[in-house]
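The block underneath contains the structure these notes are about, expressed in structure tokens.
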Amino acid sequence: MASMDFLNTAEPVKAPVVRNLPAAEKPSLIGLSREDMGRALAEKGVPERQVKMRVSQLWHWLYVRGVSDFDDMTNVSKDMREMLKTHFTVARPEIVEEQVSSDGTRKWLLRFPPRGAGRPVEIETVYIPEEGRGTLCISSQVGCTLTCSFCHTGTQKLVRNLTAEEILSQLLLARDRLGDFPDRDTPAGAIVPAEGRKVSNIVMMGMGEPLYNFESVKTALLIATDGDGLSLSKRRVTLSTSGIVPEIYRTGSEIGVMLAISLHAVRDELRDMLVPINKKYPLKDLLEACRAYPSLSNARRITFEYVMLKDVNDSLEDAKLLVQLLKGIPAKINLIPFNPWPGTNYQCSDWEQIERFADFINQAGYASPIRTPRGRDILAACGQLKSESERMRKVERMAFEAMMIAGHGEDD
């Protein structure tokens with residue numbers, strides 16, 4: 001990338017004198033598209049002929065260098081930095097708690113400031129190190145509108161959608177904490193390698209249904225996969241949905257990332273109970289949308305999540321119906337041993353039955369890995385929002401089962 005030292009020579013910005021707002025009250029530049037960032041700068045006095053250049057400059061500092069303080073933008077003029085500090089923020093969310101599992105799984109409890117008349121909100125982000133990759137599980141909502149009967153997350157009402165900034169900030173903070181950005185003393189304009197990063201894959205599998213927050217998720221993922229910034233491959237980004245059919249079509253055409261479906265049942269009457277959104281978008285419509293997903297191939301498959309519930313959906317007849325349902329769809333089937341939570345009536349299938357189920361699917365030509373538990377000692381568990389010792393504390397919301405998070409996206 002060419003050096004940006006010449007940017008210091010641009011004429012200073014004459015910003016109006018205004019009260020310097022606390023950081024929590026300032027709009028963030030993180031999560032803005034290039035067009036929106038340009039408009040925000042122009043509104044604060046950046047000359048029109050400078051806007052494109054300034055956006056490119058800020059984009060580099062935010063998403064290549066990973067800075068979270070305008071003062072670290074060392075080749076930006078002092079007047080420009082003062083204007084930016086007066087009107088905007090690029091601060092990370094507050095880390096309320098950081099936990100590291102014995103297997104390397106990390107979990108961050110993050111607090112975002114109030115939006116309008118609201119209150120601060122907290123969400124959790126989980127990182128799973130795997131052989132040859134590292135996967136970050138990102139939340140899209142605080143709470144969830146869906147009431148999947150096997151998922152503890154469904155017991156929490158939706159508080160609000162996360163903004164594009166808040167979704168993207170989870171990735172930025174994880175890269176900060178894992179040392180995934182260049183050192184601060186790396187010269188401006190230096191070529192920064194994109195390989196070897198600890199966060200190589202992301203999954204939209206945390207709290208909430210991402211397709212019920214489509215615009216913010218779209219903006220955040222397009223920034224995450226922008227080749228001039230964070231540069232994640234779209235084949236390494238997986239969006240998981242319970243089956244919001246109209247937005248599945250939009251995801252394929254407007255975002256283009258990998259798709260995962262929380263399936264869990266092969267008959268409408270059972271899925272209506274396990275995943276109630278099925279009443280609105282039944283299996284026939286869901287699978288039709290999957291078949292129409294762009295660029296499907298053996299190298300670009302849809303992942304179908306299937307939680308194994310004893311005597312509910314784990315028979316060999318269910319396995320046969322699953323193979324029939326997915327016929328013609330390039331697919332991988334993740335079998336997830338159920339993780340019991342306080343108050344649930346479901347039990348995990350016997351291990352021998354899970355293996356029989358997996359063997360049948362494998363013999364039919366589908367990869368069907370059985371996900372093994374990860375991060376159990378820090379409660380990074382599927383839909384398990386609260387610790388058993390503090391069941392009523394909303395701050396103990398968990399992201400998704402670490403064994404659901406692992407293994408998504410391609411290794412291109």
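All residue names refer to the structure tokens as shown: chains lettered A, B, ... in order, residues numbered from 1 in each chain, ligands numbered from 1 in order.
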Write out as an mmCIF file with N, CA, C and O atoms, in the first residue's frame which residues come within 9 Å of Lys85 in chain A when counting only C-alpha atoms, dropping same-chain ones fewer than 3 positions away.
data_model
loop_
_atom_site.group_PDB
_atom_site.id
_atom_site.type_symbol
_atom_site.label_atom_id
_atom_site.label_comp_id
_atom_site.auth_asym_id
_atom_site.auth_seq_id
_atom_site.Cartn_x
_atom_site.Cartn_y
_atom_site.Cartn_z
ATOM 1 N N ASN A 20 -17.385 19.867 23.640
ATOM 2 C CA ASN A 20 -16.758 18.565 23.445
ATOM 3 C C ASN A 20 -17.556 17.511 24.203
ATOM 4 O O ASN A 20 -17.510 17.440 25.427
ATOM 5 N N ALA A 23 -17.338 10.778 25.155
ATOM 6 C CA ALA A 23 -17.181 9.796 24.075
ATOM 7 C C ALA A 23 -18.441 8.983 23.846
ATOM 8 O O ALA A 23 -18.801 8.664 22.707
ATOM 9 N N ASP A 69 -7.875 5.280 18.887
ATOM 10 C CA ASP A 69 -7.647 6.616 19.432
ATOM 11 C C ASP A 69 -7.154 7.487 18.274
ATOM 12 O O ASP A 69 -6.192 7.143 17.587
ATOM 13 N N PHE A 70 -7.825 8.617 18.072
ATOM 14 C CA PHE A 70 -7.429 9.490 16.966
ATOM 15 C C PHE A 70 -5.974 9.952 17.093
ATOM 16 O O PHE A 70 -5.313 10.199 16.082
ATOM 17 N N ASP A 71 -5.462 10.075 18.309
ATOM 18 C CA ASP A 71 -4.088 10.529 18.493
ATOM 19 C C ASP A 71 -3.071 9.541 17.955
ATOM 20 O O ASP A 71 -1.905 9.889 17.740
ATOM 21 N N MET A 80 -6.829 18.271 12.079
ATOM 22 C CA MET A 80 -7.776 17.241 11.682
ATOM 23 C C MET A 80 -8.083 16.310 12.855
ATOM 24 O O MET A 80 -9.245 15.947 13.099
ATOM 25 N N ARG A 81 -7.034 15.943 13.595
ATOM 26 C CA ARG A 81 -7.262 15.058 14.739
ATOM 27 C C ARG A 81 -8.147 15.738 15.782
ATOM 28 O O ARG A 81 -9.015 15.102 16.386
ATOM 29 N N GLU A 82 -7.945 17.024 16.010
ATOM 30 C CA GLU A 82 -8.760 17.743 16.990
ATOM 31 C C GLU A 82 -10.212 17.799 16.540
ATOM 32 O O GLU A 82 -11.133 17.651 17.353
ATOM 33 N N PHE A 88 -16.379 12.935 16.919
ATOM 34 C CA PHE A 88 -16.566 11.504 16.710
ATOM 35 C C PHE A 88 -15.808 10.698 17.755
ATOM 36 O O PHE A 88 -14.990 11.230 18.508
ATOM 37 N N THR A 89 -16.067 9.401 17.753
ATOM 38 C CA THR A 89 -15.301 8.466 18.568
ATOM 39 C C THR A 89 -14.961 7.238 17.730
ATOM 40 O O THR A 89 -15.664 6.931 16.757
#
Neighbour list for range 217-222 of chain A as a list in words, cut-off 9 Å, only C-alpha atoms, skip fewer than 4 positions in-chain: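 Contacts, with the query itself left out: Gly31, Leu32, Ser33, Ser140, Leu162, Thr163, Ala164, Glu165, Glu166, Ile167, Leu168, Met204, Pro210, Leu211, Asn213, Asp226, Lys234, Val237, Thr251, Glu254, Ile255 and Val257 of chain A.
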Contacts of range 100-115 of chain A at 6 Å (only C-alpha atoms; same-chain gap of 4+ positions) as a VMD selection string: chain A and resid 24 93 to 96 119 to 128 375 378
Given the selection you just returned, output its residues as a file containing all heavy atoms, formatted as a compact mmCIF listing (two decimals), in the first residue's frame.
# COMPACT_ATOMS: atom_id res chain seq x y z
N ALA A 24 -19.16 8.64 24.94
CA ALA A 24 -20.35 7.79 24.81
C ALA A 24 -21.47 8.49 24.05
O ALA A 24 -22.37 7.84 23.54
CB ALA A 24 -20.84 7.37 26.18
N PRO A 93 -15.86 -0.97 22.83
CA PRO A 93 -16.79 -1.15 23.94
C PRO A 93 -16.02 -1.48 25.22
O PRO A 93 -14.87 -1.92 25.19
CB PRO A 93 -17.66 -2.34 23.50
CG PRO A 93 -16.84 -3.05 22.47
CD PRO A 93 -16.03 -2.00 21.79
N GLU A 94 -16.68 -1.27 26.34
CA GLU A 94 -16.07 -1.58 27.64
C GLU A 94 -16.04 -3.10 27.84
O GLU A 94 -17.03 -3.79 27.59
CB GLU A 94 -16.90 -0.93 28.75
CG GLU A 94 -16.44 -1.28 30.16
CD GLU A 94 -17.38 -0.79 31.23
OE1 GLU A 94 -18.33 -0.05 30.89
OE2 GLU A 94 -17.18 -1.16 32.40
N ILE A 95 -14.91 -3.61 28.29
CA ILE A 95 -14.81 -5.03 28.64
C ILE A 95 -15.20 -5.16 30.11
O ILE A 95 -14.49 -4.70 31.00
CB ILE A 95 -13.39 -5.58 28.42
CG1 ILE A 95 -12.99 -5.45 26.94
CG2 ILE A 95 -13.31 -7.04 28.86
CD1 ILE A 95 -11.56 -5.89 26.67
N VAL A 96 -16.35 -5.78 30.37
CA VAL A 96 -16.80 -6.00 31.74
C VAL A 96 -16.07 -7.19 32.34
O VAL A 96 -15.68 -7.19 33.49
CB VAL A 96 -18.32 -6.22 31.78
CG1 VAL A 96 -18.80 -6.50 33.21
CG2 VAL A 96 -19.05 -5.02 31.20
N ARG A 119 -30.75 2.20 27.94
CA ARG A 119 -29.75 1.95 28.98
C ARG A 119 -28.55 1.22 28.35
O ARG A 119 -28.67 0.66 27.26
CB ARG A 119 -30.35 1.09 30.09
CG ARG A 119 -31.48 1.77 30.84
CD ARG A 119 -32.01 0.85 31.93
NE ARG A 119 -32.60 -0.37 31.37
CZ ARG A 119 -33.06 -1.37 32.11
NH1 ARG A 119 -32.98 -1.32 33.42
NH2 ARG A 119 -33.58 -2.44 31.54
N PRO A 120 -27.42 1.22 29.05
CA PRO A 120 -26.30 0.41 28.54
C PRO A 120 -26.74 -1.05 28.40
O PRO A 120 -27.57 -1.53 29.17
CB PRO A 120 -25.23 0.58 29.63
CG PRO A 120 -25.57 1.86 30.32
CD PRO A 120 -27.07 1.94 30.28
N VAL A 121 -26.18 -1.73 27.41
CA VAL A 121 -26.51 -3.14 27.19
C VAL A 121 -25.23 -3.95 27.17
O VAL A 121 -24.15 -3.44 26.91
CB VAL A 121 -27.29 -3.35 25.87
CG1 VAL A 121 -28.64 -2.66 25.92
CG2 VAL A 121 -26.48 -2.86 24.67
N GLU A 122 -25.38 -5.23 27.47
CA GLU A 122 -24.23 -6.13 27.51
C GLU A 122 -24.48 -7.35 26.64
O GLU A 122 -25.58 -7.88 26.59
CB GLU A 122 -23.95 -6.55 28.96
CG GLU A 122 -23.51 -5.38 29.83
CD GLU A 122 -23.38 -5.73 31.30
OE1 GLU A 122 -23.84 -6.84 31.68
OE2 GLU A 122 -22.81 -4.93 32.06
N ILE A 123 -23.43 -7.75 25.94
CA ILE A 123 -23.50 -8.96 25.11
C ILE A 123 -22.20 -9.73 25.30
O ILE A 123 -21.23 -9.20 25.85
CB ILE A 123 -23.71 -8.64 23.61
CG1 ILE A 123 -22.61 -7.72 23.07
CG2 ILE A 123 -25.07 -8.01 23.39
CD1 ILE A 123 -21.52 -8.40 22.34
N GLU A 124 -22.19 -10.97 24.84
CA GLU A 124 -20.97 -11.77 24.95
C GLU A 124 -20.49 -12.19 23.57
O GLU A 124 -21.28 -12.46 22.66
CB GLU A 124 -21.21 -12.99 25.83
CG GLU A 124 -21.41 -12.58 27.29
CD GLU A 124 -21.26 -13.74 28.24
OE1 GLU A 124 -21.20 -14.89 27.79
OE2 GLU A 124 -21.19 -13.48 29.45
N THR A 125 -19.18 -12.21 23.44
CA THR A 125 -18.50 -12.61 22.21
C THR A 125 -17.53 -13.73 22.56
O THR A 125 -16.82 -13.63 23.56
CB THR A 125 -17.74 -11.41 21.61
OG1 THR A 125 -18.65 -10.34 21.37
CG2 THR A 125 -17.05 -11.78 20.32
N VAL A 126 -17.52 -14.78 21.75
CA VAL A 126 -16.72 -15.97 22.06
C VAL A 126 -15.74 -16.24 20.93
O VAL A 126 -16.09 -16.16 19.75
CB VAL A 126 -17.63 -17.20 22.27
CG1 VAL A 126 -16.78 -18.44 22.58
CG2 VAL A 126 -18.63 -16.95 23.39
N TYR A 127 -14.51 -16.55 21.32
CA TYR A 127 -13.45 -16.89 20.36
C TYR A 127 -13.01 -18.33 20.57
O TYR A 127 -12.73 -18.76 21.70
CB TYR A 127 -12.24 -15.96 20.55
CG TYR A 127 -11.02 -16.38 19.76
CD1 TYR A 127 -10.97 -16.22 18.37
CD2 TYR A 127 -9.91 -16.93 20.39
CE1 TYR A 127 -9.85 -16.60 17.64
CE2 TYR A 127 -8.79 -17.32 19.67
CZ TYR A 127 -8.77 -17.16 18.30
OH TYR A 127 -7.67 -17.54 17.58
N ILE A 128 -12.95 -19.10 19.47
CA ILE A 128 -12.57 -20.51 19.51
C ILE A 128 -11.31 -20.74 18.68
O ILE A 128 -11.34 -20.61 17.45
CB ILE A 128 -13.69 -21.42 18.94
CG1 ILE A 128 -15.03 -21.11 19.60
CG2 ILE A 128 -13.32 -22.89 19.12
CD1 ILE A 128 -15.10 -21.45 21.05
N GLY A 375 -14.86 -24.97 25.76
CA GLY A 375 -15.09 -23.81 26.60
C GLY A 375 -16.11 -24.03 27.71
O GLY A 375 -16.66 -23.09 28.25
N ILE A 378 -15.89 -22.08 31.01
CA ILE A 378 -16.25 -20.67 31.12
C ILE A 378 -17.68 -20.45 30.61
O ILE A 378 -18.08 -19.34 30.31
CB ILE A 378 -15.27 -19.75 30.36
CG1 ILE A 378 -15.20 -20.11 28.88
CG2 ILE A 378 -13.90 -19.77 30.99
CD1 ILE A 378 -14.45 -19.08 28.03
All alpha helix (DSSP H) positions in range 110-290 of chain A, as a ChimeraX atom specification: /A:164-177,214-224,245-250,268-274,283-290
Shortest interatomic distance to Trp61 in chain A - which of A:Asp272, A:Asp228, A:Asp314, A:Glu288, counting only C-alpha atoms: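 Closest to Trp61 in chain A, using only C-alpha atoms: A:Asp228.
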9 Å contact set for Val64 in chain A, only C-alpha atoms, chain neighbours under 6 positions out, as a list in words: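 Within the cut-off, the hits are Phe181, Pro182, Val192, Asp228, Gly229, Leu230 and Ser231 of chain A.
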Just-selected residues, all heavy atoms written as a CSV table (one decimal), in the first residue's frame:
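part_29.csv, written as the output of this step:
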chain,number,residue,atom,x,y,z
A,181,PHE,N,-3.6,-7.0,15.2
A,181,PHE,CA,-3.4,-5.8,14.4
A,181,PHE,C,-1.9,-5.5,14.4
A,181,PHE,O,-1.2,-6.0,15.3
A,181,PHE,CB,-4.1,-4.6,14.9
A,181,PHE,CG,-5.6,-4.6,14.6
A,181,PHE,CD1,-6.5,-4.6,15.6
A,181,PHE,CD2,-6.0,-4.5,13.3
A,181,PHE,CE1,-7.9,-4.6,15.3
A,181,PHE,CE2,-7.4,-4.5,12.9
A,181,PHE,CZ,-8.3,-4.5,14.0
A,182,PRO,N,-1.4,-4.8,13.4
A,182,PRO,CA,0.1,-4.5,13.4
A,182,PRO,C,0.5,-3.7,14.6
A,182,PRO,O,-0.3,-3.0,15.2
A,182,PRO,CB,0.2,-3.6,12.1
A,182,PRO,CG,-1.0,-3.8,11.3
A,182,PRO,CD,-2.1,-4.2,12.3
A,192,VAL,N,1.1,-4.9,5.3
A,192,VAL,CA,0.8,-5.7,6.4
A,192,VAL,C,0.2,-7.0,6.0
A,192,VAL,O,-0.8,-7.0,5.2
A,192,VAL,CB,-0.3,-4.9,7.3
A,192,VAL,CG1,-0.6,-5.8,8.5
A,192,VAL,CG2,0.3,-3.6,7.7
A,228,ASP,N,-9.7,-3.7,1.3
A,228,ASP,CA,-8.8,-2.6,1.7
A,228,ASP,C,-8.8,-2.4,3.2
A,228,ASP,O,-8.3,-1.4,3.7
A,228,ASP,CB,-9.2,-1.3,1.0
A,228,ASP,CG,-8.9,-1.4,-0.5
A,228,ASP,OD1,-8.0,-2.0,-0.9
A,228,ASP,OD2,-9.7,-0.8,-1.2
A,229,GLY,N,-9.4,-3.3,4.0
A,229,GLY,CA,-9.4,-3.1,5.4
A,229,GLY,C,-9.2,-4.4,6.2
A,229,GLY,O,-8.1,-4.9,6.2
A,230,LEU,N,-10.3,-4.9,6.8
A,230,LEU,CA,-10.1,-6.1,7.6
A,230,LEU,C,-9.9,-7.4,6.8
A,230,LEU,O,-9.3,-8.3,7.2
A,230,LEU,CB,-11.4,-6.3,8.5
A,230,LEU,CG,-11.6,-5.2,9.6
A,230,LEU,CD1,-13.0,-5.2,10.1
A,230,LEU,CD2,-10.6,-5.5,10.7
A,231,SER,N,-10.4,-7.3,5.5
A,231,SER,CA,-10.0,-8.3,4.5
A,231,SER,C,-10.3,-9.8,4.8
A,231,SER,O,-9.6,-10.7,4.4
A,231,SER,CB,-8.5,-8.2,4.2
A,231,SER,OG,-8.2,-6.9,3.7
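You can rank A:Ala224, A:Ala91, A:Val307, A:Leu296 by their closest distance to Leu263 in chain A using only C-alpha atoms, and at the top of that list sits A:Val307.
Between CA of Leu321 in chain A and CA of Met207 in chain A there is a distance of 29.4 Å.
Among the candidates A:Pro246, A:Gly208, A:Pro342, A:Gly256, the residue lying nearest to Lys280 in chain A is A:Pro246 (atoms considered: only C-alpha atoms).
For the choices A:Pro294, A:Leu232, A:Gln353, A:Asp285, the atom-to-atom distance to Gly252 in chain A is smallest for A:Pro294 when using only C-alpha atoms.
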Spatial neighbours of range 48-51 of chain A, max dist 9 Å, only C-alpha atoms, sep filter under 3 positions, as a list of chain:residue names: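 Answer for this query is A:Ala10, A:Glu11, A:Met37, A:Gly38, A:Arg39, A:Leu41, A:Ala42, A:Gly45, A:Arg54, A:Val55, A:Ser56.
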Could you write out that same residue set with N, CA and C atoms as a compact mmCIF listing (two decimals), in the first residue's frame?
# COMPACT_ATOMS: atom_id res chain seq x y z
N ALA A 10 -2.40 18.45 3.24
CA ALA A 10 -3.69 19.01 2.89
C ALA A 10 -4.03 20.17 3.81
N GLU A 11 -4.86 21.10 3.30
CA GLU A 11 -5.20 22.28 4.08
C GLU A 11 -5.96 21.89 5.34
N MET A 37 -19.43 7.68 5.89
CA MET A 37 -18.31 8.35 6.54
C MET A 37 -17.98 9.65 5.82
N GLY A 38 -18.02 9.63 4.50
CA GLY A 38 -17.76 10.84 3.73
C GLY A 38 -18.77 11.93 4.05
N ARG A 39 -20.04 11.55 4.14
CA ARG A 39 -21.06 12.54 4.47
C ARG A 39 -20.86 13.10 5.88
N LEU A 41 -18.05 13.42 7.52
CA LEU A 41 -16.90 14.34 7.52
C LEU A 41 -17.28 15.67 6.86
N ALA A 42 -18.00 15.60 5.75
CA ALA A 42 -18.39 16.82 5.05
C ALA A 42 -19.25 17.71 5.93
N GLY A 45 -17.23 19.98 8.15
CA GLY A 45 -16.36 20.99 7.58
C GLY A 45 -15.22 20.51 6.73
N ARG A 54 -9.72 11.64 2.73
CA ARG A 54 -9.80 11.48 4.18
C ARG A 54 -10.47 10.16 4.57
N VAL A 55 -11.51 9.78 3.82
CA VAL A 55 -12.16 8.50 4.10
C VAL A 55 -11.17 7.35 3.92
N SER A 56 -10.40 7.38 2.85
CA SER A 56 -9.40 6.34 2.61
C SER A 56 -8.38 6.29 3.74
In range 243-331 of chain A, DSSP strand (DSSP E or B) residues written as number ranges by chain: A: 258-262, 297, 300, 302-309, 331
Among listed residues A:Val245, A:Ala319, A:Cys290, A:Cys348, nearest Arg267 in chain A (using only C-alpha atoms): A:Ala319
Exercise: Arg92 in chain A partners within 8 Å, only C-alpha atoms, chain neighbours under 5 positions left out, as a PyMOL selection string: chain A and resi 68+169+172-173
If you keep N, CA and C atoms, can you produce a file of those selected residues as a compact mmCIF listing (two decimals), in the first residue's frame?
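The resulting result-v7.txt:
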# COMPACT_ATOMS: atom_id res chain seq x y z
N SER A 68 -7.74 2.78 17.97
CA SER A 68 -8.97 3.13 18.67
C SER A 68 -8.85 4.49 19.34
N SER A 169 -17.51 -3.86 16.17
CA SER A 169 -16.61 -3.64 17.31
C SER A 169 -16.23 -4.93 18.01
N LEU A 172 -13.23 -6.04 16.08
CA LEU A 172 -12.08 -5.17 16.33
C LEU A 172 -11.51 -5.43 17.71
N LEU A 173 -12.38 -5.56 18.71
CA LEU A 173 -11.89 -5.79 20.07
C LEU A 173 -11.18 -7.13 20.19
Test item: residues at most 10 Å from Glu269 in chain A, only C-alpha atoms, excluding those fewer than 3 positions along its chain, as a list in words: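 Non-adjacent residues within range: Ala265, Val266, Asp272, Met273, Leu274, Pro276, Asn278, Lys279 and Pro282 of chain A.
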Export, as a JSON list (two decimals), in the first residue's frame, the selected residues with N, CA, C and O atoms.
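File produced: selection_3.json:
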[["chain", "number", "residue", "atom", "x", "y", "z"],
["A", 265, "ALA", "N", -34.83, -30.32, 12.85],
["A", 265, "ALA", "CA", -35.95, -31.25, 12.67],
["A", 265, "ALA", "C", -36.21, -31.41, 11.18],
["A", 265, "ALA", "O", -35.94, -30.51, 10.39],
["A", 266, "VAL", "N", -36.78, -32.57, 10.83],
["A", 266, "VAL", "CA", -37.01, -32.87, 9.41],
["A", 266, "VAL", "C", -38.49, -32.98, 9.07],
["A", 266, "VAL", "O", -38.85, -33.27, 7.94],
["A", 272, "ASP", "N", -42.01, -26.98, 14.01],
["A", 272, "ASP", "CA", -42.88, -25.94, 14.53],
["A", 272, "ASP", "C", -42.70, -25.77, 16.04],
["A", 272, "ASP", "O", -42.79, -24.66, 16.57],
["A", 273, "MET", "N", -42.44, -26.87, 16.72],
["A", 273, "MET", "CA", -42.27, -26.83, 18.17],
["A", 273, "MET", "C", -40.84, -26.43, 18.55],
["A", 273, "MET", "O", -40.65, -25.59, 19.44],
["A", 274, "LEU", "N", -39.86, -27.00, 17.87],
["A", 274, "LEU", "CA", -38.46, -26.72, 18.23],
["A", 274, "LEU", "C", -38.04, -25.33, 17.76],
["A", 274, "LEU", "O", -37.32, -24.62, 18.48],
["A", 276, "PRO", "N", -40.04, -22.30, 16.28],
["A", 276, "PRO", "CA", -41.39, -21.83, 15.93],
["A", 276, "PRO", "C", -41.48, -20.96, 14.69],
["A", 276, "PRO", "O", -42.55, -20.85, 14.09],
["A", 278, "ASN", "N", -40.69, -21.74, 12.01],
["A", 278, "ASN", "CA", -41.06, -22.68, 10.96],
["A", 278, "ASN", "C", -42.55, -22.57, 10.61],
["A", 278, "ASN", "O", -42.95, -22.89, 9.49],
["A", 279, "LYS", "N", -43.38, -22.09, 11.55],
["A", 279, "LYS", "CA", -44.80, -21.93, 11.26],
["A", 279, "LYS", "C", -45.01, -20.87, 10.17],
["A", 279, "LYS", "O", -45.97, -20.94, 9.41],
["A", 282, "PRO", "N", -42.12, -22.62, 6.49],
["A", 282, "PRO", "CA", -41.96, -24.07, 6.66],
["A", 282, "PRO", "C", -40.80, -24.63, 5.86],
["A", 282, "PRO", "O", -40.17, -23.94, 5.05]]
Proximity to Ile138 in chain A - best of A:Asn298, A:Ser240, A:Gln324, A:Gln57, only C-alpha atoms: A:Ser240
